[in-house]
$ cat start19.tsv   # TSV, C-alpha atoms and all ligand atoms
chain	number	residue	atom	x	y	z
S	56	MET	CA	-86.84	-66.98	-37.95
S	57	SER	CA	-86.60	-69.66	-40.56
S	58	GLU	CA	-83.82	-72.17	-40.24
S	59	SER	CA	-82.19	-71.16	-43.49
S	60	HIS	CA	-82.10	-67.52	-42.44
S	61	SER	CA	-80.61	-68.24	-39.07
S	62	ASN	CA	-78.00	-70.42	-40.80
S	63	LEU	CA	-77.21	-67.54	-43.11
S	64	LEU	CA	-76.75	-65.22	-40.14
S	65	GLN	CA	-74.52	-67.74	-38.39
S	66	GLN	CA	-72.47	-68.25	-41.48
S	67	TYR	CA	-72.06	-64.49	-41.81
S	68	SER	CA	-71.05	-64.12	-38.15
S	69	SER	CA	-68.35	-66.72	-38.32
S	70	GLU	CA	-67.00	-65.29	-41.57
S	71	ARG	CA	-66.93	-61.82	-40.08
S	72	GLU	CA	-65.04	-63.07	-37.03
S	73	SER	CA	-62.34	-64.55	-39.17
S	74	ALA	CA	-61.98	-61.49	-41.44
S	75	GLN	CA	-58.42	-60.15	-41.03
S	76	ASN	CA	-58.60	-56.77	-42.69
S	77	THR	CA	-60.83	-54.20	-44.36
S	78	ALA	CA	-60.36	-55.84	-47.75
S	79	GLU	CA	-61.79	-59.08	-46.42
S	80	LEU	CA	-64.65	-57.21	-44.76
S	81	GLU	CA	-65.39	-55.50	-48.04
S	82	ALA	CA	-65.44	-58.90	-49.75
S	83	LEU	CA	-68.02	-59.99	-47.17
S	84	ARG	CA	-70.13	-56.94	-47.90
S	85	VAL	CA	-70.13	-57.84	-51.57
S	86	LYS	CA	-70.87	-61.45	-50.78
S	87	TYR	CA	-73.94	-60.68	-48.68
S	88	LEU	CA	-75.20	-57.25	-49.60
S	89	GLY	CA	-73.78	-56.70	-53.07
S	90	LYS	CA	-75.90	-56.62	-56.24
S	91	LYS	CA	-75.52	-60.36	-56.60
S	92	GLY	CA	-75.12	-60.98	-52.88
S	93	GLU	CA	-76.92	-63.65	-50.90
S	94	ILE	CA	-79.42	-61.24	-49.31
S	95	THR	CA	-80.13	-59.48	-52.55
S	96	GLU	CA	-80.74	-62.81	-54.23
S	97	GLN	CA	-83.16	-63.74	-51.46
S	98	LEU	CA	-85.04	-60.48	-51.84
S	99	LYS	CA	-85.27	-61.13	-55.57
S	100	GLY	CA	-86.66	-64.58	-54.81
S	101	LEU	CA	-89.58	-63.14	-52.83
S	102	GLY	CA	-91.69	-62.92	-55.94
S	103	LYS	CA	-91.73	-66.70	-56.22
S	104	LEU	CA	-93.33	-67.14	-52.80
S	105	PRO	CA	-97.04	-67.39	-52.32
S	106	PRO	CA	-98.37	-63.85	-51.77
S	107	ASP	CA	-99.45	-64.48	-48.16
S	108	GLU	CA	-95.90	-65.43	-47.12
S	109	ARG	CA	-94.11	-62.60	-48.89
S	110	LYS	CA	-94.68	-59.90	-46.33
S	111	ALA	CA	-93.38	-61.86	-43.34
S	112	VAL	CA	-90.42	-63.35	-45.15
S	113	GLY	CA	-89.59	-60.00	-46.75
S	114	ALA	CA	-89.56	-58.33	-43.33
S	115	GLU	CA	-87.30	-61.05	-41.97
S	116	ILE	CA	-84.84	-60.76	-44.84
S	117	ASN	CA	-84.78	-57.01	-44.37
S	118	ARG	CA	-84.04	-57.40	-40.67
S	119	ILE	CA	-81.20	-59.73	-41.46
S	120	LYS	CA	-79.98	-57.31	-44.12
S	121	ASN	CA	-79.97	-54.43	-41.64
S	122	GLU	CA	-78.28	-56.52	-39.00
S	123	ILE	CA	-75.51	-57.58	-41.35
S	124	SER	CA	-75.16	-54.11	-42.74
S	125	GLU	CA	-74.82	-52.49	-39.28
S	126	SER	CA	-72.49	-55.17	-38.06
S	127	LEU	CA	-70.30	-54.82	-41.12
S	128	GLU	CA	-70.16	-51.03	-40.82
S	129	LYS	CA	-69.05	-51.31	-37.21
S	130	ALA	CA	-66.50	-53.99	-38.01
S	131	MET	CA	-65.22	-51.90	-40.90
S	132	ARG	CA	-64.74	-48.81	-38.69
S	133	GLU	CA	-62.87	-50.79	-36.06
S	134	MET	CA	-60.76	-52.60	-38.61
S	135	ALA	CA	-59.86	-49.33	-40.40
S	136	LEU	CA	-58.73	-47.83	-37.11
S	137	LYS	CA	-56.64	-50.87	-36.31
S	138	GLU	CA	-55.04	-50.79	-39.73
S	139	GLN	CA	-54.22	-47.11	-39.44
S	140	GLU	CA	-52.66	-47.69	-36.05
S	141	THR	CA	-50.46	-50.48	-37.45
S	142	LYS	CA	-49.45	-48.31	-40.38
S	143	LEU	CA	-48.52	-45.40	-38.11
S	144	GLN	CA	-46.48	-47.73	-35.93
S	145	ALA	CA	-44.62	-49.03	-38.95
S	146	GLU	CA	-44.01	-45.53	-40.29
S	147	ARG	CA	-42.83	-44.05	-37.01
S	148	PRO	CA	-39.53	-42.37	-37.87
S	149	ASP	CA	-36.51	-44.08	-36.41
S	150	HIS	CA	-34.30	-41.24	-35.31
S	151	SER	CA	-31.41	-43.57	-34.78
S	152	LEU	CA	-31.16	-44.40	-38.52
S	153	PRO	CA	-28.32	-42.72	-40.42
S	154	GLY	CA	-29.42	-39.74	-42.55
S	155	LEU	CA	-29.75	-39.73	-46.31
S	156	PHE	CA	-26.96	-37.67	-47.85
S	157	ASN	CA	-27.07	-35.82	-51.11
S	158	ARG	CA	-23.84	-36.26	-52.98
S	159	PRO	CA	-22.08	-32.98	-52.26
S	160	GLY	CA	-20.91	-30.86	-55.20
S	161	THR	CA	-17.21	-30.29	-55.82
S	162	LEU	CA	-15.21	-27.51	-57.36
S	163	HIS	CA	-14.88	-27.66	-61.13
S	164	PRO	CA	-11.40	-28.84	-62.16
S	165	VAL	CA	-10.72	-25.39	-63.68
S	166	ASP	CA	-11.61	-23.83	-60.35
S	167	GLN	CA	-9.49	-26.33	-58.44
S	168	VAL	CA	-6.45	-25.63	-60.57
S	169	ALA	CA	-7.03	-21.86	-60.48
S	170	ARG	CA	-7.15	-21.89	-56.70
S	171	GLU	CA	-4.12	-24.09	-56.47
S	172	ILE	CA	-2.11	-21.75	-58.70
S	173	ALA	CA	-3.36	-18.67	-56.88
S	174	ASP	CA	-2.50	-20.19	-53.49
S	175	ILE	CA	1.09	-20.79	-54.58
S	176	PHE	CA	1.54	-17.14	-55.52
S	177	LEU	CA	-0.41	-15.80	-52.55
S	178	ALA	CA	1.95	-17.79	-50.31
S	179	MET	CA	4.86	-16.01	-52.02
S	180	GLY	CA	3.39	-12.65	-51.02
S	181	PHE	CA	1.49	-11.73	-54.18
S	182	PHE	CA	-1.93	-10.08	-53.85
S	183	MET	CA	-4.96	-10.70	-56.02
S	184	ALA	CA	-6.04	-7.86	-58.31
S	185	GLU	CA	-9.10	-7.61	-60.53
S	186	GLY	CA	-10.17	-6.01	-63.76
S	187	PRO	CA	-13.30	-5.95	-65.94
S	188	GLU	CA	-14.11	-8.54	-68.60
S	189	ILE	CA	-15.49	-5.80	-70.85
S	190	GLU	CA	-12.37	-3.77	-71.34
S	191	ASP	CA	-11.29	-0.60	-73.13
S	192	GLU	CA	-9.06	-1.19	-76.11
S	193	TYR	CA	-6.59	1.07	-74.40
S	194	TYR	CA	-6.10	-1.33	-71.49
S	195	ASN	CA	-6.29	-4.50	-73.55
S	196	PHE	CA	-3.89	-3.27	-76.23
S	197	GLU	CA	-2.39	0.25	-76.36
S	198	ALA	CA	-1.14	0.48	-72.80
S	199	LEU	CA	0.39	-2.96	-73.27
S	200	ASN	CA	2.40	-1.66	-76.22
S	201	VAL	CA	0.11	-3.04	-78.90
S	202	PRO	CA	-0.82	0.03	-81.02
S	203	SER	CA	-3.80	-0.02	-83.42
S	204	HIS	CA	-2.05	-1.34	-86.47
S	205	HIS	CA	0.41	-3.57	-84.70
S	206	PRO	CA	0.37	-7.08	-86.16
S	207	ALA	CA	0.24	-8.46	-82.61
S	208	ARG	CA	-3.45	-7.48	-82.51
S	209	GLU	CA	-4.08	-10.23	-84.97
S	210	MET	CA	-2.41	-12.75	-82.68
S	211	GLN	CA	-5.56	-12.66	-80.64
S	212	ASP	CA	-8.80	-12.53	-82.56
S	213	THR	CA	-10.90	-10.10	-80.63
S	214	PHE	CA	-14.61	-9.81	-79.90
S	215	PHE	CA	-15.49	-6.15	-80.42
S	216	LEU	CA	-18.55	-4.59	-78.79
S	217	GLU	CA	-20.73	-1.85	-80.27
S	218	SER	CA	-19.58	0.44	-77.48
S	219	GLY	CA	-16.11	0.31	-79.01
S	220	GLN	CA	-14.90	-1.77	-76.09
S	221	VAL	CA	-13.69	-5.36	-76.34
S	222	LEU	CA	-14.09	-8.57	-74.40
S	223	ARG	CA	-10.62	-8.72	-72.94
S	224	THR	CA	-8.42	-11.13	-74.86
S	225	GLN	CA	-5.99	-11.53	-71.97
S	226	THR	CA	-5.66	-10.74	-68.27
S	227	SER	CA	-2.67	-8.48	-68.98
S	228	PRO	CA	-4.86	-5.31	-68.78
S	229	VAL	CA	-5.16	-6.07	-65.05
S	230	GLN	CA	-1.47	-5.17	-64.84
S	231	ILE	CA	-2.17	-1.71	-66.24
S	232	ARG	CA	-5.16	-1.08	-64.00
S	233	THR	CA	-3.15	-2.14	-60.96
S	234	MET	CA	-0.17	0.04	-61.81
S	235	GLU	CA	-2.47	3.02	-62.41
S	236	THR	CA	-3.67	2.81	-58.83
S	237	LEU	CA	-0.61	1.58	-56.93
S	238	GLN	CA	3.02	2.59	-56.70
S	239	PRO	CA	5.86	0.06	-56.63
S	240	PRO	CA	7.00	-2.14	-55.06
S	241	LEU	CA	4.16	-4.54	-55.90
S	242	LYS	CA	3.54	-8.23	-56.54
S	243	MET	CA	0.15	-8.94	-58.01
S	244	ILE	CA	-1.72	-11.77	-59.65
S	245	GLY	CA	-4.92	-11.41	-61.63
S	246	LEU	CA	-7.24	-14.27	-62.46
S	247	GLY	CA	-10.25	-14.36	-64.70
S	248	LYS	CA	-12.09	-15.02	-67.93
S	249	VAL	CA	-10.70	-13.99	-71.29
S	250	PHE	CA	-12.30	-14.21	-74.73
S	251	ARG	CA	-11.03	-14.95	-78.22
S	252	ARG	CA	-12.63	-15.82	-81.52
S	253	ASP	CA	-11.17	-19.25	-81.54
S	254	SER	CA	-12.66	-22.69	-81.09
S	255	ASP	CA	-11.21	-26.17	-81.57
S	256	ILE	CA	-10.01	-29.03	-79.41
S	257	THR	CA	-7.41	-26.90	-77.65
S	258	HIS	CA	-9.11	-23.48	-77.95
S	259	SER	CA	-12.32	-22.20	-76.46
S	260	PRO	CA	-13.86	-18.75	-77.11
S	261	MET	CA	-13.89	-18.24	-73.35
S	262	PHE	CA	-11.16	-19.47	-71.09
S	263	HIS	CA	-9.30	-18.39	-67.97
S	264	GLN	CA	-5.92	-16.86	-67.47
S	265	MET	CA	-3.71	-16.05	-64.54
S	266	GLU	CA	-1.54	-12.99	-64.82
S	267	GLY	CA	1.36	-12.03	-62.63
S	268	LEU	CA	3.36	-8.85	-62.23
S	269	VAL	CA	6.26	-7.88	-60.00
S	270	VAL	CA	7.63	-4.32	-60.01
S	271	GLY	CA	10.32	-2.82	-57.83
S	272	GLU	CA	13.88	-1.61	-57.74
S	273	ASN	CA	16.52	-4.01	-59.04
S	274	ILE	CA	14.05	-6.66	-60.18
S	275	SER	CA	15.92	-8.84	-62.65
S	276	MET	CA	15.57	-11.82	-64.89
S	277	SER	CA	16.87	-14.01	-62.07
S	278	ASP	CA	13.92	-12.93	-59.92
S	279	LEU	CA	11.65	-13.96	-62.76
S	280	LYS	CA	13.32	-17.35	-63.05
S	281	GLY	CA	13.46	-17.98	-59.31
S	282	THR	CA	9.80	-17.15	-58.86
S	283	LEU	CA	8.56	-19.18	-61.80
S	284	ILE	CA	10.76	-22.19	-61.04
S	285	MET	CA	9.41	-22.18	-57.50
S	286	PHE	CA	5.91	-22.02	-58.92
S	287	VAL	CA	6.26	-24.98	-61.31
S	288	GLU	CA	7.97	-27.06	-58.65
S	289	ASN	CA	5.03	-26.46	-56.34
S	290	MET	CA	2.59	-27.20	-59.09
S	291	PHE	CA	4.15	-30.14	-60.92
S	292	GLY	CA	6.95	-31.33	-58.65
S	293	LYS	CA	10.69	-30.96	-59.17
S	294	ARG	CA	11.50	-31.58	-62.81
S	295	ALA	CA	13.51	-30.28	-65.73
S	296	TYR	CA	12.45	-26.90	-67.14
S	297	ARG	CA	13.63	-24.51	-69.80
S	298	PHE	CA	13.04	-20.93	-70.86
S	299	ARG	CA	12.66	-20.42	-74.60
S	300	PRO	CA	12.98	-16.98	-76.18
S	301	SER	CA	9.61	-15.68	-77.37
S	302	TYR	CA	7.82	-12.47	-78.18
S	303	PHE	CA	5.18	-10.48	-76.34
S	304	PRO	CA	4.76	-6.75	-76.99
S	305	PHE	CA	4.57	-5.93	-73.28
S	306	THR	CA	7.77	-7.70	-72.23
S	307	GLU	CA	11.36	-7.40	-73.40
S	308	PRO	CA	13.02	-9.82	-73.38
S	309	SER	CA	10.19	-12.35	-73.51
S	310	ALA	CA	10.24	-16.08	-72.93
S	311	GLU	CA	8.08	-19.13	-72.70
S	312	MET	CA	8.64	-21.62	-69.94
S	313	ASP	CA	8.47	-25.34	-70.60
S	314	ILE	CA	8.66	-28.20	-68.14
S	315	GLN	CA	9.58	-31.74	-68.86
S	316	CYS	CA	6.43	-33.64	-69.80
S	317	ILE	CA	4.88	-35.03	-66.62
S	318	PHE	CA	3.39	-37.98	-68.50
S	319	CYS	CA	6.38	-39.41	-70.34
S	320	GLU	CA	9.22	-37.85	-68.31
S	321	GLY	CA	10.56	-36.32	-71.50
S	322	LYS	CA	10.54	-39.42	-73.66
S	323	GLY	CA	7.82	-38.03	-75.94
S	324	CYS	CA	4.11	-38.87	-75.87
S	325	LYS	CA	0.73	-37.72	-77.13
S	326	VAL	CA	0.28	-35.05	-74.47
S	327	CYS	CA	3.60	-33.33	-75.26
S	328	LYS	CA	3.22	-34.01	-78.98
S	329	SER	CA	6.41	-36.11	-78.88
S	330	THR	CA	8.55	-33.13	-77.85
S	331	GLY	CA	9.14	-34.25	-74.27
S	332	TRP	CA	8.27	-30.71	-73.14
S	333	MET	CA	5.06	-29.02	-72.07
S	334	GLU	CA	4.68	-25.26	-72.45
S	335	VAL	CA	3.32	-23.84	-69.21
S	336	LEU	CA	3.47	-20.06	-69.40
S	337	GLY	CA	4.63	-16.87	-71.12
S	338	CYS	CA	6.79	-14.35	-69.31
S	339	GLY	CA	9.32	-11.59	-69.62
S	340	MET	CA	10.80	-8.42	-68.22
S	341	VAL	CA	8.23	-5.62	-68.35
S	342	ASN	CA	8.77	-3.49	-71.45
S	343	PRO	CA	9.67	0.09	-70.35
S	344	ARG	CA	7.00	1.34	-72.75
S	345	VAL	CA	4.39	-0.27	-70.49
S	346	PHE	CA	5.85	1.59	-67.49
S	347	GLU	CA	5.68	4.81	-69.49
S	348	ALA	CA	1.96	4.24	-70.09
S	349	VAL	CA	1.36	4.12	-66.31
S	350	LYS	CA	3.92	6.87	-65.58
S	351	TYR	CA	6.31	4.71	-63.62
S	352	ASP	CA	9.89	5.95	-63.49
S	353	THR	CA	11.67	3.66	-65.96
S	354	GLU	CA	15.07	4.69	-64.58
S	355	LYS	CA	14.10	3.55	-61.11
S	356	TYR	CA	11.87	0.54	-61.62
S	357	THR	CA	12.05	-2.74	-63.42
S	358	GLY	CA	9.74	-5.71	-63.27
S	359	PHE	CA	8.70	-9.02	-64.67
S	360	ALA	CA	5.37	-10.40	-65.76
S	361	PHE	CA	3.90	-13.75	-66.66
S	362	GLY	CA	0.66	-15.20	-67.91
S	363	MET	CA	-0.79	-18.67	-68.21
S	364	GLY	CA	-3.98	-20.37	-69.33
S	365	ILE	CA	-5.82	-22.10	-66.50
S	366	GLU	CA	-7.57	-24.66	-68.72
S	367	ARG	CA	-4.23	-25.43	-70.28
S	368	MET	CA	-2.73	-26.02	-66.84
S	369	ALA	CA	-5.69	-28.25	-65.92
S	370	MET	CA	-5.25	-30.20	-69.15
S	371	LEU	CA	-1.53	-30.67	-68.50
S	372	ARG	CA	-2.16	-31.54	-64.89
S	373	TYR	CA	-4.77	-34.21	-65.61
S	374	GLY	CA	-3.79	-35.29	-69.13
S	375	ILE	CA	-7.05	-34.00	-70.66
S	376	ASN	CA	-6.76	-33.79	-74.43
S	377	ASP	CA	-9.91	-31.88	-75.37
S	378	ILE	CA	-10.57	-28.47	-73.80
S	379	ARG	CA	-14.30	-28.80	-74.53
S	380	LEU	CA	-14.57	-31.51	-71.87
S	381	LEU	CA	-13.95	-28.74	-69.36
S	382	PHE	CA	-16.98	-26.76	-70.56
S	383	ASN	CA	-19.53	-29.49	-71.28
S	384	SER	CA	-20.53	-30.00	-67.64
S	385	ASP	CA	-20.77	-33.75	-68.14
S	386	ILE	CA	-21.13	-35.02	-64.59
S	387	ARG	CA	-19.40	-38.32	-65.46
S	388	PHE	CA	-16.33	-36.37	-66.52
S	389	LEU	CA	-16.44	-33.90	-63.64
S	390	ARG	CA	-16.81	-36.59	-60.95
S	391	GLN	CA	-13.31	-37.79	-61.75
S	392	PHE	CA	-11.80	-34.74	-60.11
D	1	LIG	N1	-1.04	-12.17	-72.29
D	1	LIG	C1	-0.32	-13.28	-72.87
D	1	LIG	C2	-1.27	-14.13	-73.69
D	1	LIG	O1	-2.45	-13.98	-73.55
D	1	LIG	C3	0.30	-14.12	-71.80
D	1	LIG	C4	1.44	-13.40	-71.17
D	1	LIG	C5	2.70	-13.60	-71.65
D	1	LIG	C6	1.23	-12.55	-70.11
D	1	LIG	C7	3.79	-12.93	-71.12
D	1	LIG	C8	2.31	-11.89	-69.54
D	1	LIG	C9	3.59	-12.09	-70.05
D	1	LIG	O2	2.17	-11.05	-68.52
D	1	LIG	O3	4.63	-11.45	-69.50
D	1	LIG	O4	-0.84	-14.94	-74.45
$ encode --input "start19.tsv" --output "structure tokens"
Amino acid sequence: MSESHSNLLQQYSSERESAQNTAELEALRVKYLGKKGEITEQLKGLGKLPPDERKAVGAEINRIKNEISESLEKAMREMALKEQETKLQAERPDHSLPGLFNRPGTLHPVDQVAREIADIFLAMGFFMAEGPEIEDEYYNFEALNVPSHHPAREMQDTFFLESGQVLRTQTSPVQIRTMETLQPPLKMIGLGKVFRRDSDITHSPMFHQMEGLVVGENISMSDLKGTLIMFVENMFGKRAYRFRPSYFPFTEPSAEMDIQCIFCEGKGCKVCKSTGWMEVLGCGMVNPRVFEAVKYDTEKYTGFAFGMGIERMAMLRYGINDIRLLFNSDIRFLRQF
């Protein structure tokens, strides 16, 4: 072998020995065997040799080429294995590391408040009743003493369906459905969606209400007050309250209950519109005409009822001034609760 060729082989060998990884081996392949590699260049140079030398030199270069090529292939295989082994070692799962947790979901503030309110009444011995969201006009209005042409129907702008039914405008029809199936004494609450053609910063076309009804012998206005005072104290803490006379067709007398504003302690602020009071619910003694509709003995039984908006309670509770925040599902808003 010519001196220059054996030098080339030696040079290659020492470079291969010091190659650290497959990338470096690949660089060697390019350097020696690539299109512009040392060996290729030498093969190209054959043409310049005198014809009688070409054959022998060409054979020698080819031998060297094969030698380098085989040696590189072997080195490449071994190096690739070594690299894979190192990678696997590095990736071996460490079972002692703490897990990755997804941020758990939470109840929507409307749901939280609804459950809180329901729990207070359930603890007082009320049971939870249900009724449909698509309701007959009879249950939503007539049986609650709101006849067809009664102006009270306009108090609540109704969504009418082609079937002649309505999307219930209140949870009060749950009272009727409950009384149709059960005899007194009873203490029920009903919770669910209601619908009205109404939409602005304090009104949403769909919102939630909680209804309550107590019927029995000798149920009086003081039972109503005692129950509702206990409720607001549980919900908002001990604070001043008042009952204002009001009107609902299904109760007589009717009232609205206010509590002293929880934000300004009655001094007057934005939340209570400077009145110092926050309206929390409507209530009253069940109108005997409602009992007649469900064939309860009006001589024997009396009762009281109440109703409140859940979103409204959530807004009062948390000082939220725009009801739409509760329906936009903005995670930045919801995470605050
Ligand atoms: N249904 C009434 C409303 O939607 C709320 C209400 C007031 C319910 C007085 C009652 C009640 O049961 O006694 O505005």
$ residues_near_ligand --input "start19.tsv" --ligand "ligand LIG 1 (chain D)" --cutoff "9 Å" --atoms "all atoms listed in the file" --output "mmCIF file with C-alpha atoms, in the coordinates of the input"
data_model
loop_
_atom_site.group_PDB
_atom_site.id
_atom_site.type_symbol
_atom_site.label_atom_id
_atom_site.label_comp_id
_atom_site.auth_asym_id
_atom_site.auth_seq_id
_atom_site.Cartn_x
_atom_site.Cartn_y
_atom_site.Cartn_z
ATOM 1 C CA MET S 210 -2.410 -12.750 -82.680
ATOM 2 C CA GLN S 211 -5.560 -12.660 -80.640
ATOM 3 C CA THR S 224 -8.420 -11.130 -74.860
ATOM 4 C CA GLN S 225 -5.990 -11.530 -71.970
ATOM 5 C CA THR S 226 -5.660 -10.740 -68.270
ATOM 6 C CA SER S 227 -2.670 -8.480 -68.980
ATOM 7 C CA PRO S 228 -4.860 -5.310 -68.780
ATOM 8 C CA GLN S 230 -1.470 -5.170 -64.840
ATOM 9 C CA VAL S 249 -10.700 -13.990 -71.290
ATOM 10 C CA GLN S 264 -5.920 -16.860 -67.470
ATOM 11 C CA MET S 265 -3.710 -16.050 -64.540
ATOM 12 C CA GLU S 266 -1.540 -12.990 -64.820
ATOM 13 C CA GLY S 267 1.360 -12.030 -62.630
ATOM 14 C CA LEU S 268 3.360 -8.850 -62.230
ATOM 15 C CA SER S 301 9.610 -15.680 -77.370
ATOM 16 C CA TYR S 302 7.820 -12.470 -78.180
ATOM 17 C CA PHE S 303 5.180 -10.480 -76.340
ATOM 18 C CA PRO S 304 4.760 -6.750 -76.990
ATOM 19 C CA PHE S 305 4.570 -5.930 -73.280
ATOM 20 C CA THR S 306 7.770 -7.700 -72.230
ATOM 21 C CA GLU S 307 11.360 -7.400 -73.400
ATOM 22 C CA SER S 309 10.190 -12.350 -73.510
ATOM 23 C CA ALA S 310 10.240 -16.080 -72.930
ATOM 24 C CA GLU S 311 8.080 -19.130 -72.700
ATOM 25 C CA LEU S 336 3.470 -20.060 -69.400
ATOM 26 C CA GLY S 337 4.630 -16.870 -71.120
ATOM 27 C CA CYS S 338 6.790 -14.350 -69.310
ATOM 28 C CA GLY S 339 9.320 -11.590 -69.620
ATOM 29 C CA MET S 340 10.800 -8.420 -68.220
ATOM 30 C CA VAL S 341 8.230 -5.620 -68.350
ATOM 31 C CA PHE S 359 8.700 -9.020 -64.670
ATOM 32 C CA ALA S 360 5.370 -10.400 -65.760
ATOM 33 C CA PHE S 361 3.900 -13.750 -66.660
ATOM 34 C CA GLY S 362 0.660 -15.200 -67.910
ATOM 35 C CA MET S 363 -0.790 -18.670 -68.210
ATOM 36 C CA GLY S 364 -3.980 -20.370 -69.330
#
$ atom_distance --input "start19.tsv" --atom1 "atom CA of Tyr194 of chain S" --atom2 "atom CA of Glu347 of chain S"
13.4 Å
$ residues_around --input "start19.tsv" --residues "Gln75 of chain S" --least-positions-apart "6" --cutoff "12 Å" --atoms "all atoms listed in the file" --output "list in words"
Glu81, Ala82, Leu83, Ala130, Met131, Glu133, Met134, Ala135, Lys137 and Glu138 of chain S
$ closest_residue --input "start19.tsv" --among "S:Lys280, S:Arg170, S:Lys350, S:Lys120" --to "Gln97 of chain S" --atoms "all atoms listed in the file"
S:Lys120
$ closest_residue --input "start19.tsv" --among "S:Ala295, S:Ala348, S:Met312, S:Leu64" --to "Asn121 of chain S" --atoms "only C-alpha atoms"
S:Leu64
$ residues_around --input "start19.tsv" --residues "segment 353-356 of chain S" --least-positions-apart "4" --cutoff "8 Å" --atoms "all atoms listed in the file" --output "list in words"
Pro239, Val270, Gly271, Glu272, Asn273, Ile274, Pro343, Phe346 and Glu347 of chain S
$ build_atoms --input "start19.tsv" --residues "segment 369-374 of chain S" --atoms "all heavy atoms" --output "mmCIF file, in the frame of the given file"
data_model
loop_
_atom_site.group_PDB
_atom_site.id
_atom_site.type_symbol
_atom_site.label_atom_id
_atom_site.label_comp_id
_atom_site.auth_asym_id
_atom_site.auth_seq_id
_atom_site.Cartn_x
_atom_site.Cartn_y
_atom_site.Cartn_z
ATOM 1 N N ALA S 369 -4.857 -27.115 -66.360
ATOM 2 C CA ALA S 369 -5.690 -28.250 -65.920
ATOM 3 C C ALA S 369 -5.508 -29.427 -66.876
ATOM 4 O O ALA S 369 -5.420 -30.586 -66.447
ATOM 5 C CB ALA S 369 -7.157 -27.840 -65.844
ATOM 6 N N MET S 370 -5.414 -29.132 -68.166
ATOM 7 C CA MET S 370 -5.250 -30.200 -69.150
ATOM 8 C C MET S 370 -3.903 -30.903 -68.975
ATOM 9 O O MET S 370 -3.809 -32.127 -69.048
ATOM 10 C CB MET S 370 -5.392 -29.636 -70.572
ATOM 11 C CG MET S 370 -6.829 -29.244 -70.905
ATOM 12 S SD MET S 370 -6.959 -28.229 -72.393
ATOM 13 C CE MET S 370 -6.825 -29.497 -73.660
ATOM 14 N N LEU S 371 -2.856 -30.085 -68.725
ATOM 15 C CA LEU S 371 -1.530 -30.670 -68.500
ATOM 16 C C LEU S 371 -1.537 -31.494 -67.226
ATOM 17 O O LEU S 371 -1.025 -32.611 -67.173
ATOM 18 C CB LEU S 371 -0.476 -29.561 -68.364
ATOM 19 C CG LEU S 371 -0.208 -28.714 -69.614
ATOM 20 C CD1 LEU S 371 0.836 -27.647 -69.308
ATOM 21 C CD2 LEU S 371 0.282 -29.607 -70.756
ATOM 22 N N ARG S 372 -2.148 -30.917 -66.210
ATOM 23 C CA ARG S 372 -2.160 -31.540 -64.890
ATOM 24 C C ARG S 372 -2.835 -32.920 -64.931
ATOM 25 O O ARG S 372 -2.364 -33.893 -64.370
ATOM 26 C CB ARG S 372 -2.929 -30.618 -63.949
ATOM 27 C CG ARG S 372 -2.928 -31.042 -62.522
ATOM 28 C CD ARG S 372 -1.517 -30.923 -62.037
ATOM 29 N NE ARG S 372 -1.368 -31.341 -60.681
ATOM 30 C CZ ARG S 372 -1.665 -30.608 -59.621
ATOM 31 N NH1 ARG S 372 -2.167 -29.413 -59.766
ATOM 32 N NH2 ARG S 372 -1.460 -31.067 -58.423
ATOM 33 N N TYR S 373 -3.967 -32.979 -65.639
ATOM 34 C CA TYR S 373 -4.770 -34.210 -65.610
ATOM 35 C C TYR S 373 -4.701 -35.008 -66.907
ATOM 36 O O TYR S 373 -5.407 -36.012 -67.045
ATOM 37 C CB TYR S 373 -6.229 -33.862 -65.309
ATOM 38 C CG TYR S 373 -6.434 -33.184 -63.973
ATOM 39 C CD1 TYR S 373 -6.955 -31.906 -63.897
ATOM 40 C CD2 TYR S 373 -6.082 -33.830 -62.783
ATOM 41 C CE1 TYR S 373 -7.129 -31.274 -62.670
ATOM 42 C CE2 TYR S 373 -6.259 -33.212 -61.558
ATOM 43 C CZ TYR S 373 -6.776 -31.934 -61.508
ATOM 44 O OH TYR S 373 -6.944 -31.318 -60.304
ATOM 45 N N GLY S 374 -3.883 -34.557 -67.865
ATOM 46 C CA GLY S 374 -3.790 -35.290 -69.130
ATOM 47 C C GLY S 374 -5.098 -35.285 -69.911
ATOM 48 O O GLY S 374 -5.462 -36.273 -70.538
#
